[in-house]
Amino acid sequence: MYKILSRKPLNANVTQIEVEAPLVANKAKPGQFIILRVDEEGERVPFTIAGVDKSRGAVKVIFQIVGATTEALNHKNEGDYIQDFAGPLGVPTKVEGKKKVCIIGGGVGCAIAMPIAQELHRLGADVTSIIGFRNKDIVILEDEFKDCSNKLIVMTDDGSYGRHGNVTLPLKEMLENGETFDEIITIGPLIMMKFVVLTAKPFNVPVTVSMNPIMIDGTGMCGGCRLSLNIDGKKVTKFACVDGPDFNGYEVDFDEAMSRNRMYLDFERHAYEKTCNLFRKENK
């Protein structure tokens with residue numbers, strides 16, 4: 001069992017928790033993830049590590065409430081316990097040797113982008129961060145990005161905060177004005193990452209994307225997290241859990257990935273509503 005050391009709502013649908021897991025905290029690196037179960041009957045769900053505090057043995061996880069497991073996890077309070085917390089899993093993001101990097105995060109994907117930006121900043125890289133949200137009410141981690149970015153641009157789809165538009169707008173402006181980057185690292189909705197790649201392609205800037213397909217065991221055994229890549233004109237299958245989650249954005253088949261991610265939306269919604277009803281009955 002793993003103790004929840006702290007719990008903090010970041011907006012109406014996103015929550016940050018710290019879990020006591022010293023072995024994970026001691027080994028985790030930016031870009032890696034854990035798989036947890038809320039209770040003995042719970043499903044295995046992956047969450048990217050949003051930060052660690054080795055002195056306290058704490059691992060930070062930021063999650064959006066979208067399904068049954070995240071709804072159940074959101075009902076856990078400080079001092080409560082969760083059943084399993086396995087990790088770190090996946091290949092860490094490659095940050096060494098980079099002098100100038102653009103980090104692009106969308107929505108809750110900013111929770112994954114943040115520790116990467118922090119590590120690059122710690123290593124002395126020049127970090128430009130672009131973070132995007134639908135509106136001002138769901139903006140998260142702005143202060144954290146300010147602390148680790150040489151330049152921060154906040155975008156909202158409706159213009160209610162920061163600049164009006166999506167994250168590709170300032171990226172295109174900078175590239176057209178001659179701005180250069182060793183690499184662009186983008187993390188967020190698949191459609192956002194796809195268009196970041198398309199925006200960067202004419203300028204030949206390397207783009208790394210962090211993929212979040214359906215995942216079950218996290219060890220490459222189930223094949224649920226498989227992705228199709230186009231490498232040297234050949235279709236190659238990779239697994240996000242052991243080969244990723246980072247991939248060359250120019251090689252990813254985003255259309256197939258988006259199609260696969262939509263397969264279980266109805267099931268996820270039904271499970272979420274069932275769990276919500278269960279908690280309502282318990283609280284009556």
# chains A, B, ... in the order shown; residues from 1 in each chain; ligands from 1
>>> residues_around(residues="region 74-85 of chain A", least_positions_apart="4", cutoff="8 Å", atoms="only C-alpha atoms", output="PyMOL selection string")
chain A and resi 1-7+15+21+34-40+65+70
>>> write_last_selection(atoms="C-alpha atoms", output="compact mmCIF listing (two decimals), in the first residue's frame")
# COMPACT_ATOMS: atom_id res chain seq x y z
CA MET A 1 0.00 0.00 0.00
CA TYR A 2 1.19 3.50 -0.83
CA LYS A 3 0.32 6.57 1.21
CA ILE A 4 -0.93 9.80 -0.33
CA LEU A 5 1.21 12.53 1.25
CA SER A 6 -0.57 15.51 -0.25
CA ARG A 7 -3.51 16.35 -2.50
CA THR A 15 -5.70 17.10 -9.35
CA ALA A 21 7.16 5.68 -2.93
CA ILE A 34 4.25 4.76 -13.18
CA ILE A 35 1.28 2.37 -13.23
CA LEU A 36 -1.05 2.37 -10.25
CA ARG A 37 -4.14 0.63 -8.94
CA VAL A 38 -6.43 2.48 -6.58
CA ASP A 39 -7.63 -0.72 -4.87
CA GLU A 40 -7.45 -4.50 -5.20
CA ILE A 65 -10.68 13.19 -14.11
CA THR A 70 -9.34 8.87 -12.04
>>> residues_around(residues="Gly106 (chain A)", least_positions_apart="4", cutoff="9 Å", atoms="only C-alpha atoms", output="mmCIF file with all heavy atoms, in the first residue's frame")
data_model
loop_
_atom_site.group_PDB
_atom_site.id
_atom_site.type_symbol
_atom_site.label_atom_id
_atom_site.label_comp_id
_atom_site.auth_asym_id
_atom_site.auth_seq_id
_atom_site.Cartn_x
_atom_site.Cartn_y
_atom_site.Cartn_z
ATOM 1 N N CYS A 110 0.806 19.378 -19.932
ATOM 2 C CA CYS A 110 1.799 20.269 -19.316
ATOM 3 C C CYS A 110 2.426 19.626 -18.092
ATOM 4 O O CYS A 110 3.568 19.949 -17.726
ATOM 5 C CB CYS A 110 1.151 21.598 -18.945
ATOM 6 S SG CYS A 110 0.658 22.592 -20.371
ATOM 7 N N ALA A 113 5.261 17.800 -19.538
ATOM 8 C CA ALA A 113 6.268 18.702 -20.098
ATOM 9 C C ALA A 113 7.059 19.426 -19.016
ATOM 10 O O ALA A 113 8.245 19.719 -19.190
ATOM 11 C CB ALA A 113 5.585 19.716 -21.011
ATOM 12 N N ILE A 130 5.873 26.906 -24.468
ATOM 13 C CA ILE A 130 4.559 27.327 -24.951
ATOM 14 C C ILE A 130 3.547 26.363 -24.353
ATOM 15 O O ILE A 130 3.638 25.154 -24.569
ATOM 16 C CB ILE A 130 4.469 27.285 -26.489
ATOM 17 C CG1 ILE A 130 5.609 28.073 -27.132
ATOM 18 C CG2 ILE A 130 3.118 27.815 -26.958
ATOM 19 C CD1 ILE A 130 5.688 27.895 -28.644
ATOM 20 N N ILE A 131 2.606 26.892 -23.573
ATOM 21 C CA ILE A 131 1.595 26.028 -22.962
ATOM 22 C C ILE A 131 0.208 26.521 -23.388
ATOM 23 O O ILE A 131 -0.051 27.713 -23.410
ATOM 24 C CB ILE A 131 1.723 25.970 -21.432
ATOM 25 C CG1 ILE A 131 1.693 27.364 -20.804
ATOM 26 C CG2 ILE A 131 3.014 25.258 -21.046
ATOM 27 C CD1 ILE A 131 1.734 27.344 -19.268
ATOM 28 N N GLY A 132 -0.659 25.579 -23.753
ATOM 29 C CA GLY A 132 -1.965 25.942 -24.287
ATOM 30 C C GLY A 132 -3.115 25.277 -23.552
ATOM 31 O O GLY A 132 -3.011 24.132 -23.102
ATOM 32 N N PHE A 133 -4.231 26.016 -23.457
ATOM 33 C CA PHE A 133 -5.419 25.526 -22.763
ATOM 34 C C PHE A 133 -6.658 26.031 -23.500
ATOM 35 O O PHE A 133 -6.592 26.989 -24.266
ATOM 36 C CB PHE A 133 -5.445 26.027 -21.314
ATOM 37 C CG PHE A 133 -4.190 25.717 -20.558
ATOM 38 C CD1 PHE A 133 -3.126 26.607 -20.553
ATOM 39 C CD2 PHE A 133 -4.067 24.524 -19.876
ATOM 40 C CE1 PHE A 133 -1.957 26.325 -19.872
ATOM 41 C CE2 PHE A 133 -2.890 24.227 -19.190
ATOM 42 C CZ PHE A 133 -1.834 25.134 -19.190
ATOM 43 N N VAL A 167 -1.196 26.539 -29.824
ATOM 44 C CA VAL A 167 0.246 26.579 -29.553
ATOM 45 C C VAL A 167 1.100 26.669 -30.816
ATOM 46 O O VAL A 167 2.268 27.072 -30.752
ATOM 47 C CB VAL A 167 0.677 25.348 -28.724
ATOM 48 C CG1 VAL A 167 0.049 25.388 -27.338
ATOM 49 C CG2 VAL A 167 0.334 24.038 -29.450
ATOM 50 N N THR A 186 7.122 18.139 -27.605
ATOM 51 C CA THR A 186 5.708 18.482 -27.455
ATOM 52 C C THR A 186 4.929 17.349 -26.807
ATOM 53 O O THR A 186 5.134 16.171 -27.132
ATOM 54 C CB THR A 186 5.087 18.873 -28.807
ATOM 55 O OG1 THR A 186 3.713 19.220 -28.620
ATOM 56 C CG2 THR A 186 5.197 17.758 -29.830
ATOM 57 N N ILE A 187 4.052 17.724 -25.894
ATOM 58 C CA ILE A 187 3.286 16.748 -25.117
ATOM 59 C C ILE A 187 1.882 17.288 -24.899
ATOM 60 O O ILE A 187 1.702 18.392 -24.385
ATOM 61 C CB ILE A 187 3.953 16.493 -23.751
ATOM 62 C CG1 ILE A 187 5.407 16.052 -23.944
ATOM 63 C CG2 ILE A 187 3.174 15.456 -22.955
ATOM 64 C CD1 ILE A 187 6.262 16.209 -22.723
ATOM 65 N N GLY A 188 0.884 16.519 -25.306
ATOM 66 C CA GLY A 188 -0.496 16.955 -25.149
ATOM 67 C C GLY A 188 -1.419 16.108 -25.998
ATOM 68 O O GLY A 188 -1.079 14.969 -26.362
ATOM 69 N N PRO A 189 -2.592 16.628 -26.350
ATOM 70 C CA PRO A 189 -3.520 15.872 -27.199
ATOM 71 C C PRO A 189 -2.857 15.476 -28.525
ATOM 72 O O PRO A 189 -2.013 16.221 -29.059
ATOM 73 C CB PRO A 189 -4.664 16.865 -27.433
ATOM 74 C CG PRO A 189 -4.592 17.809 -26.273
ATOM 75 C CD PRO A 189 -3.135 17.933 -25.942
ATOM 76 N N MET A 192 -2.980 17.998 -31.298
ATOM 77 C CA MET A 192 -2.062 19.116 -31.086
ATOM 78 C C MET A 192 -0.649 18.735 -31.499
ATOM 79 O O MET A 192 0.034 19.478 -32.221
ATOM 80 C CB MET A 192 -2.076 19.543 -29.619
ATOM 81 C CG MET A 192 -1.220 20.765 -29.308
ATOM 82 S SD MET A 192 -0.644 20.864 -27.585
ATOM 83 C CE MET A 192 0.792 19.771 -27.641
ATOM 84 N N MET A 193 -0.197 17.572 -31.066
ATOM 85 C CA MET A 193 1.157 17.138 -31.401
ATOM 86 C C MET A 193 1.319 16.949 -32.906
ATOM 87 O O MET A 193 2.367 17.272 -33.477
ATOM 88 C CB MET A 193 1.504 15.853 -30.641
ATOM 89 C CG MET A 193 1.604 16.047 -29.140
ATOM 90 S SD MET A 193 2.368 14.638 -28.274
ATOM 91 C CE MET A 193 1.102 13.376 -28.483
#
>>> residues_around(residues="Leu152 (chain A)", least_positions_apart="5", cutoff="9 Å", atoms="only C-alpha atoms", output="list in words")
Val127, Thr128, Ser129, Ile130, Ile131, Glu142, Phe145 and Lys146 of chain A
>>> write_last_selection(atoms="all heavy atoms", output="PDB file, in the first residue's frame")
ATOM      1  N   VAL A 127      15.484  27.544 -22.504  1.00  0.00           N
ATOM      2  CA  VAL A 127      14.172  26.891 -22.636  1.00  0.00           C
ATOM      3  C   VAL A 127      13.098  27.905 -22.994  1.00  0.00           C
ATOM      4  O   VAL A 127      12.871  28.872 -22.254  1.00  0.00           O
ATOM      5  CB  VAL A 127      13.788  26.157 -21.330  1.00  0.00           C
ATOM      6  CG1 VAL A 127      12.404  25.518 -21.474  1.00  0.00           C
ATOM      7  CG2 VAL A 127      14.826  25.107 -20.973  1.00  0.00           C
ATOM      8  N   THR A 128      12.451  27.679 -24.130  1.00  0.00           N
ATOM      9  CA  THR A 128      11.236  28.417 -24.490  1.00  0.00           C
ATOM     10  C   THR A 128      10.056  27.485 -24.284  1.00  0.00           C
ATOM     11  O   THR A 128      10.038  26.383 -24.831  1.00  0.00           O
ATOM     12  CB  THR A 128      11.268  28.877 -25.960  1.00  0.00           C
ATOM     13  OG1 THR A 128      12.313  29.828 -26.126  1.00  0.00           O
ATOM     14  CG2 THR A 128       9.940  29.524 -26.349  1.00  0.00           C
ATOM     15  N   SER A 129       9.093  27.894 -23.474  1.00  0.00           N
ATOM     16  CA  SER A 129       7.925  27.055 -23.205  1.00  0.00           C
ATOM     17  C   SER A 129       6.662  27.700 -23.766  1.00  0.00           C
ATOM     18  O   SER A 129       6.436  28.898 -23.576  1.00  0.00           O
ATOM     19  CB  SER A 129       7.745  26.825 -21.701  1.00  0.00           C
ATOM     20  OG  SER A 129       8.833  26.107 -21.167  1.00  0.00           O
ATOM     21  N   ILE A 130       5.873  26.906 -24.468  1.00  0.00           N
ATOM     22  CA  ILE A 130       4.559  27.327 -24.951  1.00  0.00           C
ATOM     23  C   ILE A 130       3.547  26.363 -24.353  1.00  0.00           C
ATOM     24  O   ILE A 130       3.638  25.154 -24.569  1.00  0.00           O
ATOM     25  CB  ILE A 130       4.469  27.285 -26.489  1.00  0.00           C
ATOM     26  CG1 ILE A 130       5.609  28.073 -27.132  1.00  0.00           C
ATOM     27  CG2 ILE A 130       3.118  27.815 -26.958  1.00  0.00           C
ATOM     28  CD1 ILE A 130       5.688  27.895 -28.644  1.00  0.00           C
ATOM     29  N   ILE A 131       2.606  26.892 -23.573  1.00  0.00           N
ATOM     30  CA  ILE A 131       1.595  26.028 -22.962  1.00  0.00           C
ATOM     31  C   ILE A 131       0.208  26.521 -23.388  1.00  0.00           C
ATOM     32  O   ILE A 131      -0.051  27.713 -23.410  1.00  0.00           O
ATOM     33  CB  ILE A 131       1.723  25.970 -21.432  1.00  0.00           C
ATOM     34  CG1 ILE A 131       1.693  27.364 -20.804  1.00  0.00           C
ATOM     35  CG2 ILE A 131       3.014  25.258 -21.046  1.00  0.00           C
ATOM     36  CD1 ILE A 131       1.734  27.344 -19.268  1.00  0.00           C
ATOM     37  N   GLU A 142       1.438  27.441 -14.457  1.00  0.00           N
ATOM     38  CA  GLU A 142       2.059  28.617 -15.075  1.00  0.00           C
ATOM     39  C   GLU A 142       3.286  29.079 -14.289  1.00  0.00           C
ATOM     40  O   GLU A 142       4.338  29.373 -14.882  1.00  0.00           O
ATOM     41  CB  GLU A 142       1.048  29.754 -15.186  1.00  0.00           C
ATOM     42  CG  GLU A 142       1.620  30.992 -15.858  1.00  0.00           C
ATOM     43  CD  GLU A 142       0.615  32.128 -15.969  1.00  0.00           C
ATOM     44  OE1 GLU A 142      -0.518  31.995 -15.451  1.00  0.00           O
ATOM     45  OE2 GLU A 142       0.964  33.154 -16.585  1.00  0.00           O
ATOM     46  N   PHE A 145       6.292  26.812 -14.818  1.00  0.00           N
ATOM     47  CA  PHE A 145       6.944  27.008 -16.109  1.00  0.00           C
ATOM     48  C   PHE A 145       7.723  28.322 -16.144  1.00  0.00           C
ATOM     49  O   PHE A 145       8.788  28.401 -16.764  1.00  0.00           O
ATOM     50  CB  PHE A 145       5.918  26.968 -17.243  1.00  0.00           C
ATOM     51  CG  PHE A 145       5.647  25.593 -17.761  1.00  0.00           C
ATOM     52  CD1 PHE A 145       4.516  24.894 -17.353  1.00  0.00           C
ATOM     53  CD2 PHE A 145       6.507  24.981 -18.649  1.00  0.00           C
ATOM     54  CE1 PHE A 145       4.262  23.616 -17.822  1.00  0.00           C
ATOM     55  CE2 PHE A 145       6.271  23.695 -19.120  1.00  0.00           C
ATOM     56  CZ  PHE A 145       5.136  23.017 -18.713  1.00  0.00           C
ATOM     57  N   LYS A 146       7.209  29.354 -15.475  1.00  0.00           N
ATOM     58  CA  LYS A 146       7.945  30.624 -15.411  1.00  0.00           C
ATOM     59  C   LYS A 146       9.317  30.431 -14.780  1.00  0.00           C
ATOM     60  O   LYS A 146      10.308  31.022 -15.209  1.00  0.00           O
ATOM     61  CB  LYS A 146       7.143  31.650 -14.604  1.00  0.00           C
ATOM     62  CG  LYS A 146       6.005  32.307 -15.353  1.00  0.00           C
ATOM     63  CD  LYS A 146       5.304  33.329 -14.460  1.00  0.00           C
ATOM     64  CE  LYS A 146       4.148  33.990 -15.192  1.00  0.00           C
ATOM     65  NZ  LYS A 146       3.411  34.943 -14.316  1.00  0.00           N
TER      66      LYS A 146
END
>>> residues_around(residues="Asp255 (chain A)", least_positions_apart="3", cutoff="9 Å", atoms="only C-alpha atoms", output="PyMOL selection string")
chain A and resi 190-191+194+252+258-260
>>> write_last_selection(atoms="N, CA, C and O atoms", output="compact mmCIF listing (two decimals), in the first residue's frame")
# COMPACT_ATOMS: atom_id res chain seq x y z
N LEU A 190 -3.23 14.33 -29.04
CA LEU A 190 -2.62 13.83 -30.27
C LEU A 190 -2.76 14.81 -31.42
O LEU A 190 -1.82 15.03 -32.20
N ILE A 191 -3.94 15.42 -31.55
CA ILE A 191 -4.16 16.35 -32.65
C ILE A 191 -3.24 17.56 -32.53
O ILE A 191 -2.75 18.10 -33.53
N LYS A 194 0.28 16.44 -33.56
CA LYS A 194 0.33 16.26 -35.01
C LYS A 194 0.59 17.59 -35.70
O LYS A 194 1.44 17.67 -36.61
N VAL A 252 5.69 9.12 -36.48
CA VAL A 252 4.45 8.60 -35.88
C VAL A 252 3.27 8.70 -36.84
O VAL A 252 3.06 9.72 -37.49
N MET A 258 -4.86 8.21 -33.21
CA MET A 258 -6.10 8.87 -32.79
C MET A 258 -7.29 7.93 -32.93
O MET A 258 -8.19 7.90 -32.08
N SER A 259 -7.30 7.14 -33.99
CA SER A 259 -8.38 6.18 -34.20
C SER A 259 -8.40 5.14 -33.07
O SER A 259 -9.46 4.81 -32.54
N ARG A 260 -7.23 4.63 -32.70
CA ARG A 260 -7.15 3.65 -31.61
C ARG A 260 -7.58 4.25 -30.28
O ARG A 260 -8.25 3.60 -29.48
>>> residues_around(residues="region 227-243 of chain A", least_positions_apart="2", cutoff="7 Å", atoms="only C-alpha atoms", output="list of chain:residue names")
A:Gly90, A:Val91, A:Met211, A:Gly218, A:Thr219, A:Gly220, A:Gly223, A:Cys225, A:Pro245, A:Glu251, A:Val252, A:Asp253, A:Ala257
>>> closest_residue(among="A:Lys8, A:Lys94, A:Arg44, A:Lys60", to="Ile112 (chain A)", atoms="only C-alpha atoms")
A:Lys60
>>> closest_atom_pairs(of="region 130-243 of chain A", to="region 96-99 of chain A", cutoff="10 Å", atoms="only C-alpha atoms", output="Markdown table")
| residue | atom | partner | partner_atom | distance |
| --- | --- | --- | --- | --- |
| A:Phe181 | CA | A:Lys99 | CA | 8.2 |
| A:Asp182 | CA | A:Lys98 | CA | 6.3 |
| A:Glu183 | CA | A:Lys98 | CA | 7.7 |
>>> write_last_selection(atoms="C-alpha atoms", output="mmCIF file, in the first residue's frame")
data_model
loop_
_atom_site.group_PDB
_atom_site.id
_atom_site.type_symbol
_atom_site.label_atom_id
_atom_site.label_comp_id
_atom_site.auth_asym_id
_atom_site.auth_seq_id
_atom_site.Cartn_x
_atom_site.Cartn_y
_atom_site.Cartn_z
ATOM 1 C CA PHE A 181 16.024 25.187 -31.699
ATOM 2 C CA ASP A 182 18.058 22.056 -31.191
ATOM 3 C CA GLU A 183 14.764 20.283 -30.628
#
>>> atom_distance(atom1="CA of Lys29 (chain A)", atom2="CA of Ala50 (chain A)")
9.7 Å
>>> select_by_dssp(residues="region 20-176 of chain A", states="strand (DSSP E)", output="PyMOL selection string")
chain A and resi 20+33-37+45-53+58-64+81-82+84-89+100-106+126-133+151-156+163-164
>>> select_by_dssp(residues="region 54-268 of chain A", states="helix (DSSP H, G or I)", output="JSON, numbers by chain")
{"A": [68, 69, 70, 71, 72, 73, 74, 107, 108, 109, 110, 111, 112, 113, 114, 115, 116, 117, 118, 119, 120, 121, 122, 136, 137, 138, 142, 143, 144, 145, 146, 147, 148, 168, 169, 170, 171, 172, 173, 174, 175, 176, 190, 191, 192, 193, 194, 195, 196, 197, 198, 199, 200, 201, 202, 203, 240, 241, 242, 243, 254, 255, 256, 257, 258, 259, 260, 261, 265, 266, 267, 268]}
>>> atom_distance(atom1="CA of Tyr161 (chain A)", atom2="CA of Pro9 (chain A)")
19.8 Å
>>> closest_residue(among="A:Ile140, A:Ile185, A:Ile103, A:Leu73", to="Phe47 (chain A)", atoms="only C-alpha atoms")
A:Leu73
>>> closest_residue(among="A:Ala68, A:Leu175, A:Val139, A:Ile104", to="Ser160 (chain A)", atoms="only C-alpha atoms")
A:Val139
>>> closest_residue(among="A:Cys148, A:Cys102, A:Leu141, A:Met221", to="Leu123 (chain A)", atoms="only C-alpha atoms")
A:Cys148
>>> residues_around(residues="Val14 (chain A)", least_positions_apart="4", cutoff="8 Å", atoms="only C-alpha atoms", output="PyMOL selection string")
chain A and resi 9-10+62-65+108
>>> write_last_selection(atoms="C-alpha atoms", output="PDB file, in the first residue's frame")
ATOM      1  CA  PRO A   9      -6.762  20.493  -6.951  1.00  0.00           C
ATOM      2  CA  LEU A  10      -5.198  22.437  -9.846  1.00  0.00           C
ATOM      3  CA  ILE A  62      -1.062  15.033 -11.925  1.00  0.00           C
ATOM      4  CA  PHE A  63      -4.220  13.555 -13.411  1.00  0.00           C
ATOM      5  CA  GLN A  64      -7.360  14.674 -15.211  1.00  0.00           C
ATOM      6  CA  ILE A  65     -10.683  13.190 -14.110  1.00  0.00           C
ATOM      7  CA  VAL A 108      -2.872  18.251 -18.711  1.00  0.00           C
TER       8      VAL A 108
END
>>> residues_around(residues="region 195-208 of chain A", least_positions_apart="4", cutoff="6 Å", atoms="only C-alpha atoms", output="PyMOL selection string")
chain A and resi 168+183-185+247-249
